[in-house]
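Here is model-v7.cif, consisting of mmCIF, C-alpha atoms, pLDDT in the B column; chains and numbers go by the auth columns:
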data_query
#
loop_
_atom_site.group_PDB
_atom_site.id
_atom_site.type_symbol
_atom_site.label_atom_id
_atom_site.label_comp_id
_atom_site.label_asym_id
_atom_site.label_seq_id
_atom_site.Cartn_x
_atom_site.Cartn_y
_atom_site.Cartn_z
_atom_site.B_iso_or_equiv
_atom_site.auth_seq_id
_atom_site.auth_asym_id
ATOM 1 C CA MET A 1 160.328 70.191 98.608 53.00 1086 A
ATOM 2 C CA ALA A 2 160.436 70.337 94.802 86.00 1087 A
ATOM 3 C CA ARG A 3 162.086 73.721 94.343 88.00 1088 A
ATOM 4 C CA TYR A 4 162.016 75.247 90.842 93.00 1089 A
ATOM 5 C CA GLU A 5 164.159 78.322 90.180 94.00 1090 A
ATOM 6 C CA ILE A 6 163.823 80.814 87.338 96.00 1091 A
ATOM 7 C CA ARG A 7 166.117 83.729 86.460 96.00 1092 A
ATOM 8 C CA ILE A 8 165.245 86.449 83.930 96.00 1093 A
ATOM 9 C CA ILE A 9 167.864 88.979 82.858 95.00 1094 A
ATOM 10 C CA GLY A 10 167.844 91.860 80.393 93.00 1095 A
ATOM 11 C CA PHE A 11 167.674 95.632 80.543 88.00 1096 A
ATOM 12 C CA GLY A 12 165.064 98.071 81.803 83.00 1097 A
ATOM 13 C CA GLY A 13 162.119 98.479 79.458 83.00 1098 A
ATOM 14 C CA GLN A 14 162.113 94.880 78.184 88.00 1099 A
ATOM 15 C CA GLY A 15 159.484 93.719 80.659 90.00 1100 A
ATOM 16 C CA VAL A 16 161.821 91.586 82.798 94.00 1101 A
ATOM 17 C CA ILE A 17 160.091 92.495 86.069 93.00 1102 A
ATOM 18 C CA THR A 18 156.598 92.209 84.557 95.00 1103 A
ATOM 19 C CA LEU A 19 157.364 88.753 83.165 97.00 1104 A
ATOM 20 C CA SER A 20 158.578 87.564 86.574 97.00 1105 A
ATOM 21 C CA LYS A 21 155.378 88.905 88.172 97.00 1106 A
ATOM 22 C CA MET A 22 153.265 87.115 85.568 98.00 1107 A
ATOM 23 C CA ILE A 23 155.057 83.848 86.325 98.00 1108 A
ATOM 24 C CA ILE A 24 154.602 84.144 90.097 97.00 1109 A
ATOM 25 C CA THR A 25 150.939 85.164 89.650 98.00 1110 A
ATOM 26 C CA ALA A 26 150.163 82.144 87.462 98.00 1111 A
ATOM 27 C CA ALA A 27 152.023 79.777 89.804 96.00 1112 A
ATOM 28 C CA SER A 28 150.737 81.095 93.145 94.00 1113 A
ATOM 29 C CA LEU A 29 147.388 82.815 92.562 95.00 1114 A
ATOM 30 C CA TYR A 30 145.995 80.499 89.880 96.00 1115 A
ATOM 31 C CA GLU A 31 147.886 77.234 90.454 94.00 1116 A
ATOM 32 C CA GLY A 32 148.018 77.361 94.264 92.00 1117 A
ATOM 33 C CA LEU A 33 151.782 76.866 94.562 92.00 1118 A
ATOM 34 C CA ALA A 34 154.060 78.605 97.054 91.00 1119 A
ATOM 35 C CA ALA A 35 156.280 81.059 95.184 92.00 1120 A
ATOM 36 C CA THR A 36 158.525 84.075 95.740 93.00 1121 A
ATOM 37 C CA GLN A 37 159.749 86.808 93.411 94.00 1122 A
ATOM 38 C CA THR A 38 162.774 89.098 93.775 93.00 1123 A
ATOM 39 C CA GLU A 39 164.029 91.815 91.447 91.00 1124 A
ATOM 40 C CA ALA A 40 166.897 94.242 90.966 85.00 1125 A
ATOM 41 C CA TYR A 41 167.936 96.889 88.465 72.00 1126 A
ATOM 42 C CA SER A 42 170.785 99.318 87.948 62.00 1127 A
ATOM 43 C CA ALA A 43 170.613 103.042 88.690 53.00 1128 A
ATOM 44 C CA ALA A 44 169.563 103.766 85.105 50.00 1129 A
ATOM 45 C CA ALA A 45 166.225 101.954 85.280 53.00 1130 A
ATOM 46 C CA ARG A 46 165.285 102.173 81.587 59.00 1131 A
ATOM 47 C CA GLY A 47 168.084 100.754 79.455 62.00 1132 A
ATOM 48 C CA GLY A 48 170.131 99.684 82.484 75.00 1133 A
ATOM 49 C CA LYS A 49 170.757 96.119 83.611 84.00 1134 A
ATOM 50 C CA CYS A 50 167.716 94.473 85.126 91.00 1135 A
ATOM 51 C CA TRP A 51 167.028 91.005 86.502 93.00 1136 A
ATOM 52 C CA ALA A 52 164.361 89.115 88.390 95.00 1137 A
ATOM 53 C CA GLU A 53 164.070 85.701 89.976 94.00 1138 A
ATOM 54 C CA VAL A 54 161.132 83.462 90.803 96.00 1139 A
ATOM 55 C CA VAL A 55 161.254 80.441 93.092 94.00 1140 A
ATOM 56 C CA VAL A 56 158.331 78.005 93.014 94.00 1141 A
ATOM 57 C CA ASP A 57 157.673 75.014 95.261 91.00 1142 A
ATOM 58 C CA LEU A 58 156.054 72.402 93.028 88.00 1143 A
ATOM 59 C CA ASP A 59 154.832 70.318 95.977 82.00 1144 A
ATOM 60 C CA GLN A 60 151.217 71.438 96.520 70.00 1145 A
ATOM 61 C CA ASP A 61 150.765 69.279 99.633 66.00 1146 A
ATOM 62 C CA GLN A 62 153.642 70.707 101.655 62.00 1147 A
ATOM 63 C CA SER A 63 154.387 74.021 99.961 58.00 1148 A
ATOM 64 C CA GLN A 64 157.121 76.004 101.640 71.00 1149 A
ATOM 65 C CA ILE A 65 160.100 78.057 100.530 78.00 1150 A
ATOM 66 C CA ASP A 66 162.933 78.339 103.019 75.00 1151 A
ATOM 67 C CA TYR A 67 165.004 80.856 101.004 73.00 1152 A
ATOM 68 C CA PRO A 68 163.320 83.349 98.644 74.00 1153 A
ATOM 69 C CA LYS A 69 166.119 83.970 96.136 82.00 1154 A
ATOM 70 C CA ALA A 70 167.123 81.735 93.235 83.00 1155 A
ATOM 71 C CA LEU A 71 170.529 80.096 93.414 81.00 1156 A
ATOM 72 C CA ALA A 72 172.536 78.805 90.465 81.00 1157 A
ATOM 73 C CA PRO A 73 172.234 76.357 88.900 90.00 1158 A
ATOM 74 C CA TYR A 74 168.766 77.461 87.784 92.00 1159 A
ATOM 75 C CA ASP A 75 166.032 75.287 86.322 94.00 1160 A
ATOM 76 C CA PHE A 76 165.119 77.940 83.753 96.00 1161 A
ATOM 77 C CA SER A 77 166.910 81.033 82.491 96.00 1162 A
ATOM 78 C CA ILE A 78 165.411 83.705 80.237 97.00 1163 A
ATOM 79 C CA VAL A 79 168.077 85.993 78.758 96.00 1164 A
ATOM 80 C CA LEU A 80 167.114 89.103 76.804 95.00 1165 A
ATOM 81 C CA SER A 81 170.305 91.171 76.525 93.00 1166 A
ATOM 82 C CA GLU A 82 173.867 90.821 75.255 92.00 1167 A
ATOM 83 C CA GLU A 83 175.187 91.743 78.704 91.00 1168 A
ATOM 84 C CA GLY A 84 173.048 89.057 80.334 91.00 1169 A
ATOM 85 C CA ALA A 85 174.313 86.489 77.827 91.00 1170 A
ATOM 86 C CA SER A 86 177.963 87.441 78.414 90.00 1171 A
ATOM 87 C CA GLU A 87 177.514 87.039 82.187 88.00 1172 A
ATOM 88 C CA MET A 88 176.055 83.557 81.931 87.00 1173 A
ATOM 89 C CA LYS A 89 178.569 80.847 82.764 84.00 1174 A
ATOM 90 C CA LYS A 90 178.785 77.120 82.365 80.00 1175 A
ATOM 91 C CA GLY A 91 177.034 75.660 85.401 83.00 1176 A
ATOM 92 C CA ASP A 92 174.432 78.445 85.710 89.00 1177 A
ATOM 93 C CA LEU A 93 171.777 76.004 84.469 88.00 1178 A
ATOM 94 C CA LYS A 94 171.050 72.582 85.917 87.00 1179 A
ATOM 95 C CA ASP A 95 172.736 69.944 83.822 73.00 1180 A
ATOM 96 C CA GLU A 96 171.932 66.726 85.706 59.00 1181 A
ATOM 97 C CA LYS A 97 170.231 64.745 82.911 63.00 1182 A
ATOM 98 C CA ASN A 98 170.261 68.104 81.104 63.00 1183 A
ATOM 99 C CA THR A 99 167.175 69.353 82.969 77.00 1184 A
ATOM 100 C CA GLY A 100 167.874 73.088 82.718 89.00 1185 A
ATOM 101 C CA PHE A 101 166.260 75.223 80.012 95.00 1186 A
ATOM 102 C CA LEU A 102 167.421 78.428 78.374 94.00 1187 A
ATOM 103 C CA LEU A 103 165.122 80.791 76.479 96.00 1188 A
ATOM 104 C CA TRP A 104 166.818 83.734 74.752 96.00 1189 A
ATOM 105 C CA ASP A 105 166.111 86.586 72.348 96.00 1190 A
ATOM 106 C CA THR A 106 168.070 86.225 69.104 95.00 1191 A
ATOM 107 C CA SER A 107 167.057 89.713 67.972 94.00 1192 A
ATOM 108 C CA THR A 108 168.962 91.364 70.852 93.00 1193 A
ATOM 109 C CA ILE A 109 171.744 88.804 71.401 94.00 1194 A
ATOM 110 C CA LYS A 110 174.144 88.129 68.533 88.00 1195 A
ATOM 111 C CA LYS A 111 176.513 85.637 70.185 84.00 1196 A
ATOM 112 C CA PHE A 112 175.633 83.241 72.984 86.00 1197 A
ATOM 113 C CA ARG A 113 178.255 80.524 73.464 79.00 1198 A
ATOM 114 C CA THR A 114 176.572 79.019 76.540 74.00 1199 A
ATOM 115 C CA ALA A 115 173.411 78.348 74.501 73.00 1200 A
ATOM 116 C CA LYS A 116 175.226 75.617 72.559 75.00 1201 A
ATOM 117 C CA ARG A 117 175.825 73.531 75.692 74.00 1202 A
ATOM 118 C CA VAL A 118 172.295 73.397 77.122 84.00 1203 A
ATOM 119 C CA LYS A 119 168.683 72.861 76.055 91.00 1204 A
ATOM 120 C CA ALA A 120 168.192 76.279 74.500 91.00 1205 A
ATOM 121 C CA LEU A 121 165.423 77.900 72.484 95.00 1206 A
ATOM 122 C CA GLY A 122 166.376 81.098 70.680 95.00 1207 A
ATOM 123 C CA ILE A 123 163.484 83.227 69.382 96.00 1208 A
ATOM 124 C CA PRO A 124 163.788 86.737 67.853 96.00 1209 A
ATOM 125 C CA ILE A 125 161.278 88.020 70.412 96.00 1210 A
ATOM 126 C CA GLN A 126 161.500 91.784 69.816 94.00 1211 A
ATOM 127 C CA LYS A 127 161.539 91.358 66.025 96.00 1212 A
ATOM 128 C CA LEU A 128 158.557 88.987 65.935 97.00 1213 A
ATOM 129 C CA ALA A 129 156.535 91.082 68.393 97.00 1214 A
ATOM 130 C CA LEU A 130 156.913 94.089 66.081 96.00 1215 A
ATOM 131 C CA GLU A 131 156.365 92.220 62.820 97.00 1216 A
ATOM 132 C CA LYS A 132 153.450 90.011 63.880 97.00 1217 A
ATOM 133 C CA PHE A 133 151.701 92.089 66.534 97.00 1218 A
ATOM 134 C CA GLY A 134 152.795 95.666 65.830 96.00 1219 A
ATOM 135 C CA ASN A 135 154.561 96.457 69.108 96.00 1220 A
ATOM 136 C CA SER A 136 157.585 95.069 70.959 93.00 1221 A
ATOM 137 C CA VAL A 137 155.540 95.103 74.203 94.00 1222 A
ATOM 138 C CA PHE A 138 153.884 91.856 73.055 97.00 1223 A
ATOM 139 C CA GLY A 139 157.262 90.138 73.310 96.00 1224 A
ATOM 140 C CA ASN A 140 156.566 89.527 76.986 96.00 1225 A
ATOM 141 C CA THR A 141 153.434 87.534 76.211 98.00 1226 A
ATOM 142 C CA ILE A 142 155.285 85.503 73.559 98.00 1227 A
ATOM 143 C CA LEU A 143 157.896 84.649 76.211 98.00 1228 A
ATOM 144 C CA PHE A 144 155.180 83.837 78.743 98.00 1229 A
ATOM 145 C CA GLY A 145 153.560 81.381 76.314 98.00 1230 A
ATOM 146 C CA ALA A 146 156.844 79.648 75.503 98.00 1231 A
ATOM 147 C CA PHE A 147 157.807 79.508 79.190 98.00 1232 A
ATOM 148 C CA MET A 148 154.407 78.054 80.174 98.00 1233 A
ATOM 149 C CA LYS A 149 154.735 75.235 77.658 97.00 1234 A
ATOM 150 C CA ILE A 150 158.394 74.366 78.288 97.00 1235 A
ATOM 151 C CA SER A 151 158.429 74.640 82.090 96.00 1236 A
ATOM 152 C CA ASN A 152 155.050 72.947 82.663 95.00 1237 A
ATOM 153 C CA ILE A 153 154.776 74.419 86.166 95.00 1238 A
ATOM 154 C CA PHE A 154 151.318 75.944 85.653 97.00 1239 A
ATOM 155 C CA SER A 155 148.399 75.270 83.335 97.00 1240 A
ATOM 156 C CA GLU A 156 147.341 77.128 80.225 98.00 1241 A
ATOM 157 C CA GLU A 157 144.186 78.183 82.088 98.00 1242 A
ATOM 158 C CA ALA A 158 146.310 79.753 84.845 98.00 1243 A
ATOM 159 C CA ALA A 159 148.402 81.532 82.217 98.00 1244 A
ATOM 160 C CA ILE A 160 145.361 82.959 80.420 98.00 1245 A
ATOM 161 C CA GLU A 161 143.824 84.209 83.687 98.00 1246 A
ATOM 162 C CA THR A 162 147.162 85.876 84.463 98.00 1247 A
ATOM 163 C CA ILE A 163 147.238 87.616 81.086 98.00 1248 A
ATOM 164 C CA LYS A 164 143.708 88.926 81.696 98.00 1249 A
ATOM 165 C CA LYS A 165 144.904 90.355 85.009 97.00 1250 A
ATOM 166 C CA PHE A 166 148.015 92.031 83.580 97.00 1251 A
ATOM 167 C CA VAL A 167 147.065 93.552 80.224 97.00 1252 A
ATOM 168 C CA PRO A 168 144.612 96.310 79.279 96.00 1253 A
ATOM 169 C CA GLU A 169 141.313 94.939 78.002 96.00 1254 A
ATOM 170 C CA SER A 170 141.831 96.741 74.679 97.00 1255 A
ATOM 171 C CA THR A 171 144.953 94.643 73.986 97.00 1256 A
ATOM 172 C CA LEU A 172 143.681 91.326 75.364 98.00 1257 A
ATOM 173 C CA ASP A 173 142.939 89.696 71.997 98.00 1258 A
ATOM 174 C CA THR A 174 146.388 90.578 70.622 98.00 1259 A
ATOM 175 C CA ASN A 175 148.062 89.409 73.823 98.00 1260 A
ATOM 176 C CA LEU A 176 146.249 86.084 73.654 98.00 1261 A
ATOM 177 C CA LYS A 177 147.404 85.650 70.045 98.00 1262 A
ATOM 178 C CA ALA A 178 150.983 86.463 71.103 98.00 1263 A
ATOM 179 C CA PHE A 179 150.676 83.959 73.966 98.00 1264 A
ATOM 180 C CA GLU A 180 149.433 81.263 71.567 98.00 1265 A
ATOM 181 C CA PHE A 181 152.313 82.027 69.220 98.00 1266 A
ATOM 182 C CA GLY A 182 154.833 81.614 72.060 98.00 1267 A
ATOM 183 C CA LYS A 183 153.110 78.432 73.230 98.00 1268 A
ATOM 184 C CA GLN A 184 153.440 76.944 69.745 98.00 1269 A
ATOM 185 C CA LYS A 185 157.141 77.827 69.682 98.00 1270 A
ATOM 186 C CA GLY A 186 157.515 76.012 73.007 97.00 1271 A
ATOM 187 C CA GLU A 187 155.591 72.965 71.735 98.00 1272 A
ATOM 188 C CA LYS A 188 157.750 72.741 68.617 97.00 1273 A
ATOM 189 C CA PHE A 189 160.907 73.011 70.730 96.00 1274 A
ATOM 190 C CA LEU A 190 159.818 70.184 73.059 95.00 1275 A
ATOM 191 C CA GLN A 191 158.887 68.058 70.057 94.00 1276 A
ATOM 192 C CA THR A 192 162.349 68.595 68.570 93.00 1277 A
ATOM 193 C CA LEU A 193 163.959 67.565 71.877 89.00 1278 A
ATOM 194 C CA MET A 194 161.847 64.386 72.004 87.00 1279 A
ATOM 195 C CA GLU A 195 162.763 63.460 68.453 88.00 1280 A
ATOM 196 C CA ALA A 196 166.456 63.990 69.198 81.00 1281 A
ATOM 197 C CA ASN A 197 166.375 61.500 72.126 71.00 1282 A
#
Written as structure tokens, how would this file's structure read?
Amino acid sequence: MARYEIRIIGFGGQGVITLSKMIITAASLYEGLAATQTEAYSAAARGGKCWAEVVVDLDQDQSQIDYPKALAPYDFSIVLSEEGASEMKKGDLKDEKNTGFLLWDTSTIKKFRTAKRVKALGIPIQKLALEKFGNSVFGNTILFGAFMKISNIFSEEAAIETIKKFVPESTLDTNLKAFEFGKQKGEKFLQTLMEAN
């Protein structure tokens, strides 16, 4: 079983749960992989601590997941809040051949010491979503595009079908532009990693 584990952490209202549901939809519904999603949030739903996990079995021939929750070290971590960054410890991401990835929001997190020790891409998600697309809600689709490209666990076609399923038709064009923007950020990041090796 090729188990791939993703953890997303932030606060209520940032789209943490929605992003995790987009990832599991693209992986399971459109890519045909076995996947599970779990979520949790504090008593104060909006503005309180919030996290979600997705586990994907990358083996299409014998897909099965024996335990539904993600266990550190993770393959991919998306961190969107200062509190989430402060909780992250050395060893939370896979480091064998440096295979773990970290994606974090530099517009909400000022200091992130752990980011210096792993393959990390910092993007000012909230800031760019407002400046380029007029609303911070498009930050989720930027993240989804970057995640799709970096993780390579589902295709661009699966991602686009997922976006169509999740967003109102009136915002589809803007969401697809935000997705493309995030995808390009992911491509540039991977290119930089290749050039460094």
(message) Translate the PyMOL selection byres ((chain A and resi 1198-1215) around 10) into a concrete residue list for this structure, as JSON, numbers by chain.
(response) {"A": [1099, 1161, 1162, 1163, 1164, 1165, 1170, 1171, 1172, 1173, 1174, 1175, 1176, 1177, 1178, 1179, 1180, 1183, 1184, 1185, 1186, 1187, 1188, 1189, 1190, 1191, 1192, 1193, 1194, 1195, 1196, 1197, 1216, 1217, 1218, 1219, 1220, 1221, 1222, 1223, 1224, 1225, 1226, 1227, 1228, 1231, 1235, 1263, 1266, 1267, 1270, 1271, 1274, 1275, 1278]}
Expected file contents, prior selection, C-alpha atoms, as a short mmCIF file (atom, residue, chain, number, x, y, z; two decimals), in the coordinates of the input:
data_model
loop_
_atom_site.label_atom_id
_atom_site.label_comp_id
_atom_site.auth_asym_id
_atom_site.auth_seq_id
_atom_site.Cartn_x
_atom_site.Cartn_y
_atom_site.Cartn_z
CA GLN A 1099 162.11 94.88 78.18
CA PHE A 1161 165.12 77.94 83.75
CA SER A 1162 166.91 81.03 82.49
CA ILE A 1163 165.41 83.70 80.24
CA VAL A 1164 168.08 85.99 78.76
CA LEU A 1165 167.11 89.10 76.80
CA ALA A 1170 174.31 86.49 77.83
CA SER A 1171 177.96 87.44 78.41
CA GLU A 1172 177.51 87.04 82.19
CA MET A 1173 176.06 83.56 81.93
CA LYS A 1174 178.57 80.85 82.76
CA LYS A 1175 178.78 77.12 82.36
CA GLY A 1176 177.03 75.66 85.40
CA ASP A 1177 174.43 78.44 85.71
CA LEU A 1178 171.78 76.00 84.47
CA LYS A 1179 171.05 72.58 85.92
CA ASP A 1180 172.74 69.94 83.82
CA ASN A 1183 170.26 68.10 81.10
CA THR A 1184 167.18 69.35 82.97
CA GLY A 1185 167.87 73.09 82.72
CA PHE A 1186 166.26 75.22 80.01
CA LEU A 1187 167.42 78.43 78.37
CA LEU A 1188 165.12 80.79 76.48
CA TRP A 1189 166.82 83.73 74.75
CA ASP A 1190 166.11 86.59 72.35
CA THR A 1191 168.07 86.22 69.10
CA SER A 1192 167.06 89.71 67.97
CA THR A 1193 168.96 91.36 70.85
CA ILE A 1194 171.74 88.80 71.40
CA LYS A 1195 174.14 88.13 68.53
CA LYS A 1196 176.51 85.64 70.18
CA PHE A 1197 175.63 83.24 72.98
CA GLU A 1216 156.36 92.22 62.82
CA LYS A 1217 153.45 90.01 63.88
CA PHE A 1218 151.70 92.09 66.53
CA GLY A 1219 152.79 95.67 65.83
CA ASN A 1220 154.56 96.46 69.11
CA SER A 1221 157.58 95.07 70.96
CA VAL A 1222 155.54 95.10 74.20
CA PHE A 1223 153.88 91.86 73.06
CA GLY A 1224 157.26 90.14 73.31
CA ASN A 1225 156.57 89.53 76.99
CA THR A 1226 153.43 87.53 76.21
CA ILE A 1227 155.28 85.50 73.56
CA LEU A 1228 157.90 84.65 76.21
CA ALA A 1231 156.84 79.65 75.50
CA ILE A 1235 158.39 74.37 78.29
CA ALA A 1263 150.98 86.46 71.10
CA PHE A 1266 152.31 82.03 69.22
CA GLY A 1267 154.83 81.61 72.06
CA LYS A 1270 157.14 77.83 69.68
CA GLY A 1271 157.51 76.01 73.01
CA PHE A 1274 160.91 73.01 70.73
CA LEU A 1275 159.82 70.18 73.06
CA LEU A 1278 163.96 67.56 71.88
#
(request) Give as a list in words the residues that the PyMOL selection byres ((chain A and resi 1250-1259) around 10) matches when applied to the coordinates above. (result)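 Against this file, the PyMOL selection byres ((chain A and resi 1250-1259) around 10) returns the residues Thr1103, Leu1104, Lys1106, Met1107, Thr1110, Lys1217, Phe1218, Gly1219, Phe1223, Thr1226, Ala1244, Ile1245, Glu1246, Thr1247, Ile1248, Lys1249, Asn1260, Leu1261, Lys1262, Ala1263, Phe1264 and Glu1265 of chain A.
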(request) Could you check which of A:Thr1123, A:Gln1149, A:Asn1282, A:Ser1166 is closest to Ser1105 of chain A, using all atoms listed in the file? (result)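 Closest residue, counting all atoms listed in the file: A:Thr1123.
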(request) Go through A:Gly1133, A:Ala1281, A:Ile1102, A:Ile1091 one by one, measure the shortest atom-to-atom distance of each to Pro1153 of chain A using all atoms listed in the file, and give the residue with the smallest value. (result)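 The closest residue to Pro1153 of chain A is A:Ile1091.
In this comparison, which uses all atoms listed in the file, the residue of A:Ile1108, A:Val1141, A:Val1101, A:Ala1157 approaching Glu1124 of chain A most closely is A:Val1101.
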(request) Please indicate the distance in Å from atom CA of Met1233 of chain A to atom CA of Val1140 of chain A, rounded to one decimal place. (result)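 Here the two named atoms are 14.8 Å from each other.
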Write out N, CA and C atoms for segment 1150-1162 of chain A, as a JSON list (two decimals), keeping the file's coordinate frame.
[["chain", "number", "residue", "atom", "x", "y", "z"],
["A", 1150, "ILE", "N", 158.84, 77.60, 101.13],
["A", 1150, "ILE", "CA", 160.10, 78.06, 100.53],
["A", 1150, "ILE", "C", 160.96, 78.60, 101.65],
["A", 1151, "ASP", "N", 162.10, 77.94, 101.89],
["A", 1151, "ASP", "CA", 162.93, 78.34, 103.02],
["A", 1151, "ASP", "C", 163.86, 79.51, 102.70],
["A", 1152, "TYR", "N", 164.15, 79.73, 101.40],
["A", 1152, "TYR", "CA", 165.00, 80.86, 101.00],
["A", 1152, "TYR", "C", 164.41, 81.46, 99.74],
["A", 1153, "PRO", "N", 164.11, 82.77, 99.73],
["A", 1153, "PRO", "CA", 163.32, 83.35, 98.64],
["A", 1153, "PRO", "C", 164.05, 83.61, 97.33],
["A", 1154, "LYS", "N", 165.39, 83.63, 97.35],
["A", 1154, "LYS", "CA", 166.12, 83.97, 96.14],
["A", 1154, "LYS", "C", 166.56, 82.72, 95.39],
["A", 1155, "ALA", "N", 166.66, 82.85, 94.06],
["A", 1155, "ALA", "CA", 167.12, 81.74, 93.24],
["A", 1155, "ALA", "C", 168.64, 81.60, 93.35],
["A", 1156, "LEU", "N", 169.10, 80.38, 93.32],
["A", 1156, "LEU", "CA", 170.53, 80.10, 93.41],
["A", 1156, "LEU", "C", 170.95, 79.24, 92.22],
["A", 1157, "ALA", "N", 172.03, 79.63, 91.58],
["A", 1157, "ALA", "CA", 172.54, 78.81, 90.46],
["A", 1157, "ALA", "C", 172.98, 77.46, 91.02],
["A", 1158, "PRO", "N", 172.79, 76.38, 90.25],
["A", 1158, "PRO", "CA", 172.23, 76.36, 88.90],
["A", 1158, "PRO", "C", 170.72, 76.47, 88.90],
["A", 1159, "TYR", "N", 170.20, 77.22, 87.91],
["A", 1159, "TYR", "CA", 168.77, 77.46, 87.78],
["A", 1159, "TYR", "C", 168.10, 76.35, 86.97],
["A", 1160, "ASP", "N", 166.80, 76.21, 87.16],
["A", 1160, "ASP", "CA", 166.03, 75.29, 86.32],
["A", 1160, "ASP", "C", 165.71, 75.92, 84.97],
["A", 1161, "PHE", "N", 165.54, 77.25, 84.98],
["A", 1161, "PHE", "CA", 165.12, 77.94, 83.75],
["A", 1161, "PHE", "C", 165.74, 79.33, 83.75],
["A", 1162, "SER", "N", 166.34, 79.70, 82.63],
["A", 1162, "SER", "CA", 166.91, 81.03, 82.49],
["A", 1162, "SER", "C", 166.35, 81.68, 81.24]]
